[in-house]
Amino acid sequence: TTRVLAPYMIEATFLAIEGNPIEAIDEAAIRMGFPVGPIALMDEVGIDVGQKVLATMKEYYSAHMEFPPDAIGGFIEEGRLGRKANKGFYVYEDGKSTTERGHKVVDETVYAHLPNGTNTKSANFDEMGERLLLALVNEAVRCRQEGVLFDCESGDLGAIMGIGFPPMLGGPFHYADRHGAKNIAARLRALELRYGKRFEPTDLLVQLADKGGSFYG
């Protein structure tokens, strides 16, 4: 679960660095069916914990994963560790989120750590959701390809029960089968052309796309 969650969280970081509003990134994930957005999840887990996890991932998986410039270092220095420190991407008081009209309030000072500052751009929820979801799906396929997963059922169950993958989508392998390996590979290639090697479709996905195969056969 940590392995497939990492690209999802990494992509959220790229989206923030590109100038997308913090709350819009989370909204894009929620619209896809995730119970909580990746930025809010960083606050819940702890930004310092996320930094350690990414350092490990970078050491072992940089051959196919891309990692954003380190903006988190500044977070740690100022004690911006997330909800446990009452200071993160969102506003907290006594460990509880501050909300307005049912939505978490973004701590606007966080934008000082991002290249575009508060000069955010209009949100493209569909594209952001696509990037977040396919980053996770592609890594799940890679885990199956490498034998980290013995079967697709375990991958789908782990994704839904372990990291909140949208249950209505059936898990990453059911999702890929529903839309077809050829379609998923093509969407990943389109993202690869725009955003880099982290979206390169895995060999197993390409093989299934070429043969018209599926994960559940």
# chains A, B, ... in the order shown; residues from 1 in each chain; ligands from 1
call {"tool": "residues_around", "arguments": {"residues": "region 51-61 of chain A", "least_positions_apart": "3", "cutoff": "12 Å", "atoms": "only C-alpha atoms", "output": "number ranges by chain"}}
result
A: 2-10, 13, 42-43, 45-48, 64-76, 80-82, 139, 142-143, 198
call {"tool": "residues_around", "arguments": {"residues": "Val106 (chain A)", "least_positions_apart": "6", "cutoff": "8 Å", "atoms": "only C-alpha atoms", "output": "CSV table (one decimal) with C-alpha atoms, in the first residue's frame"}}
result
chain,number,residue,atom,x,y,z
A,22,ILE,CA,-4.3,23.2,-2.3
A,23,GLU,CA,-8.0,22.7,-1.8
A,89,PHE,CA,-1.4,22.8,4.7
A,90,TYR,CA,-4.7,23.5,6.5
A,91,VAL,CA,-5.6,25.5,9.6
call {"tool": "closest_residue", "arguments": {"among": "A:Asn119, A:Gly158, A:Lys87, A:Ile163", "to": "Pro38 (chain A)", "atoms": "only C-alpha atoms"}}
result
A:Ile163
call {"tool": "closest_residue", "arguments": {"among": "A:Val36, A:Val105, A:Ala123, A:Ala85", "to": "Leu15 (chain A)", "atoms": "only C-alpha atoms"}}
result
A:Ala123
call {"tool": "residues_around", "arguments": {"residues": "Ala16 (chain A)", "least_positions_apart": "6", "cutoff": "10 Å", "atoms": "only C-alpha atoms", "output": "list in words"}}
result
Ile10, Ile22, Glu23, Ala24, Ile25, Ile39, Tyr111, Leu114, Pro115, Asn116 and Thr120 of chain A
call {"tool": "write_last_selection", "arguments": {"atoms": "all heavy atoms", "output": "PDB file, in the first residue's frame"}}
result
ATOM      1  N   ILE A  10       3.134  11.886  -4.512  1.00  0.00           N
ATOM      2  CA  ILE A  10       4.132  12.635  -5.281  1.00  0.00           C
ATOM      3  C   ILE A  10       3.441  13.507  -6.324  1.00  0.00           C
ATOM      4  O   ILE A  10       3.794  14.678  -6.517  1.00  0.00           O
ATOM      5  CB  ILE A  10       5.130  11.673  -5.948  1.00  0.00           C
ATOM      6  CG1 ILE A  10       6.063  11.066  -4.891  1.00  0.00           C
ATOM      7  CG2 ILE A  10       5.946  12.380  -7.033  1.00  0.00           C
ATOM      8  CD1 ILE A  10       6.907   9.918  -5.414  1.00  0.00           C
ATOM      9  N   ILE A  22      -4.412  24.378  -3.245  1.00  0.00           N
ATOM     10  CA  ILE A  22      -4.348  23.237  -2.341  1.00  0.00           C
ATOM     11  C   ILE A  22      -5.697  22.539  -2.231  1.00  0.00           C
ATOM     12  O   ILE A  22      -5.803  21.316  -2.377  1.00  0.00           O
ATOM     13  CB  ILE A  22      -3.872  23.688  -0.938  1.00  0.00           C
ATOM     14  CG1 ILE A  22      -2.449  24.253  -1.012  1.00  0.00           C
ATOM     15  CG2 ILE A  22      -3.964  22.536   0.055  1.00  0.00           C
ATOM     16  CD1 ILE A  22      -1.411  23.286  -1.492  1.00  0.00           C
ATOM     17  N   GLU A  23      -6.732  23.325  -1.965  1.00  0.00           N
ATOM     18  CA  GLU A  23      -8.047  22.729  -1.767  1.00  0.00           C
ATOM     19  C   GLU A  23      -8.578  22.081  -3.043  1.00  0.00           C
ATOM     20  O   GLU A  23      -9.338  21.107  -3.001  1.00  0.00           O
ATOM     21  CB  GLU A  23      -9.055  23.758  -1.241  1.00  0.00           C
ATOM     22  CG  GLU A  23      -9.442  24.860  -2.219  1.00  0.00           C
ATOM     23  CD  GLU A  23      -8.457  26.025  -2.261  1.00  0.00           C
ATOM     24  OE1 GLU A  23      -7.330  25.884  -1.731  1.00  0.00           O
ATOM     25  OE2 GLU A  23      -8.823  27.078  -2.818  1.00  0.00           O
ATOM     26  N   ALA A  24      -8.156  22.587  -4.219  1.00  0.00           N
ATOM     27  CA  ALA A  24      -8.612  22.034  -5.495  1.00  0.00           C
ATOM     28  C   ALA A  24      -7.991  20.658  -5.750  1.00  0.00           C
ATOM     29  O   ALA A  24      -8.630  19.782  -6.340  1.00  0.00           O
ATOM     30  CB  ALA A  24      -8.273  22.983  -6.636  1.00  0.00           C
ATOM     31  N   ILE A  25      -6.753  20.467  -5.317  1.00  0.00           N
ATOM     32  CA  ILE A  25      -6.094  19.160  -5.477  1.00  0.00           C
ATOM     33  C   ILE A  25      -6.858  18.104  -4.692  1.00  0.00           C
ATOM     34  O   ILE A  25      -7.138  17.007  -5.190  1.00  0.00           O
ATOM     35  CB  ILE A  25      -4.627  19.234  -5.013  1.00  0.00           C
ATOM     36  CG1 ILE A  25      -3.852  20.242  -5.864  1.00  0.00           C
ATOM     37  CG2 ILE A  25      -3.968  17.857  -5.085  1.00  0.00           C
ATOM     38  CD1 ILE A  25      -2.469  20.573  -5.330  1.00  0.00           C
ATOM     39  N   ILE A  39      -3.519  15.994  -0.041  1.00  0.00           N
ATOM     40  CA  ILE A  39      -2.908  17.052   0.768  1.00  0.00           C
ATOM     41  C   ILE A  39      -3.385  16.945   2.213  1.00  0.00           C
ATOM     42  O   ILE A  39      -2.585  17.023   3.158  1.00  0.00           O
ATOM     43  CB  ILE A  39      -3.238  18.439   0.191  1.00  0.00           C
ATOM     44  CG1 ILE A  39      -2.804  18.533  -1.281  1.00  0.00           C
ATOM     45  CG2 ILE A  39      -2.567  19.521   1.021  1.00  0.00           C
ATOM     46  CD1 ILE A  39      -1.322  18.414  -1.509  1.00  0.00           C
ATOM     47  N   TYR A 111       1.659  28.862   1.032  1.00  0.00           N
ATOM     48  CA  TYR A 111       2.018  29.196  -0.344  1.00  0.00           C
ATOM     49  C   TYR A 111       3.375  29.880  -0.454  1.00  0.00           C
ATOM     50  O   TYR A 111       3.958  29.947  -1.539  1.00  0.00           O
ATOM     51  CB  TYR A 111       0.932  30.073  -0.972  1.00  0.00           C
ATOM     52  CG  TYR A 111      -0.331  29.308  -1.318  1.00  0.00           C
ATOM     53  CD1 TYR A 111      -1.510  29.502  -0.607  1.00  0.00           C
ATOM     54  CD2 TYR A 111      -0.334  28.387  -2.360  1.00  0.00           C
ATOM     55  CE1 TYR A 111      -2.674  28.806  -0.920  1.00  0.00           C
ATOM     56  CE2 TYR A 111      -1.484  27.676  -2.679  1.00  0.00           C
ATOM     57  CZ  TYR A 111      -2.645  27.891  -1.958  1.00  0.00           C
ATOM     58  OH  TYR A 111      -3.772  27.177  -2.279  1.00  0.00           O
ATOM     59  N   LEU A 114       5.839  27.582  -2.007  1.00  0.00           N
ATOM     60  CA  LEU A 114       5.586  27.092  -3.358  1.00  0.00           C
ATOM     61  C   LEU A 114       6.006  28.133  -4.393  1.00  0.00           C
ATOM     62  O   LEU A 114       5.894  29.337  -4.144  1.00  0.00           O
ATOM     63  CB  LEU A 114       4.106  26.751  -3.515  1.00  0.00           C
ATOM     64  CG  LEU A 114       3.599  25.668  -2.543  1.00  0.00           C
ATOM     65  CD1 LEU A 114       2.085  25.489  -2.678  1.00  0.00           C
ATOM     66  CD2 LEU A 114       4.312  24.340  -2.788  1.00  0.00           C
ATOM     67  N   PRO A 115       6.506  27.680  -5.544  1.00  0.00           N
ATOM     68  CA  PRO A 115       7.084  28.596  -6.542  1.00  0.00           C
ATOM     69  C   PRO A 115       6.179  29.747  -6.971  1.00  0.00           C
ATOM     70  O   PRO A 115       6.649  30.873  -7.151  1.00  0.00           O
ATOM     71  CB  PRO A 115       7.387  27.672  -7.737  1.00  0.00           C
ATOM     72  CG  PRO A 115       7.549  26.324  -7.137  1.00  0.00           C
ATOM     73  CD  PRO A 115       6.601  26.271  -5.975  1.00  0.00           C
ATOM     74  N   ASN A 116       4.886  29.474  -7.150  1.00  0.00           N
ATOM     75  CA  ASN A 116       3.965  30.508  -7.628  1.00  0.00           C
ATOM     76  C   ASN A 116       3.316  31.301  -6.508  1.00  0.00           C
ATOM     77  O   ASN A 116       2.511  32.196  -6.761  1.00  0.00           O
ATOM     78  CB  ASN A 116       2.876  29.872  -8.493  1.00  0.00           C
ATOM     79  CG  ASN A 116       3.431  29.291  -9.776  1.00  0.00           C
ATOM     80  OD1 ASN A 116       4.441  29.776 -10.289  1.00  0.00           O
ATOM     81  ND2 ASN A 116       2.797  28.260 -10.286  1.00  0.00           N
ATOM     82  N   THR A 120      -2.262  31.243  -7.775  1.00  0.00           N
ATOM     83  CA  THR A 120      -2.696  29.930  -8.231  1.00  0.00           C
ATOM     84  C   THR A 120      -3.494  30.030  -9.527  1.00  0.00           C
ATOM     85  O   THR A 120      -4.001  31.092  -9.878  1.00  0.00           O
ATOM     86  CB  THR A 120      -3.566  29.253  -7.156  1.00  0.00           C
ATOM     87  OG1 THR A 120      -4.654  30.109  -6.814  1.00  0.00           O
ATOM     88  CG2 THR A 120      -2.736  28.956  -5.906  1.00  0.00           C
TER      89      THR A 120
END
call {"tool": "residues_around", "arguments": {"residues": "region 199-201 of chain A", "least_positions_apart": "3", "cutoff": "6 Å", "atoms": "only C-alpha atoms", "output": "list in words"}}
result
Ala185, Leu188 and Glu192 of chain A
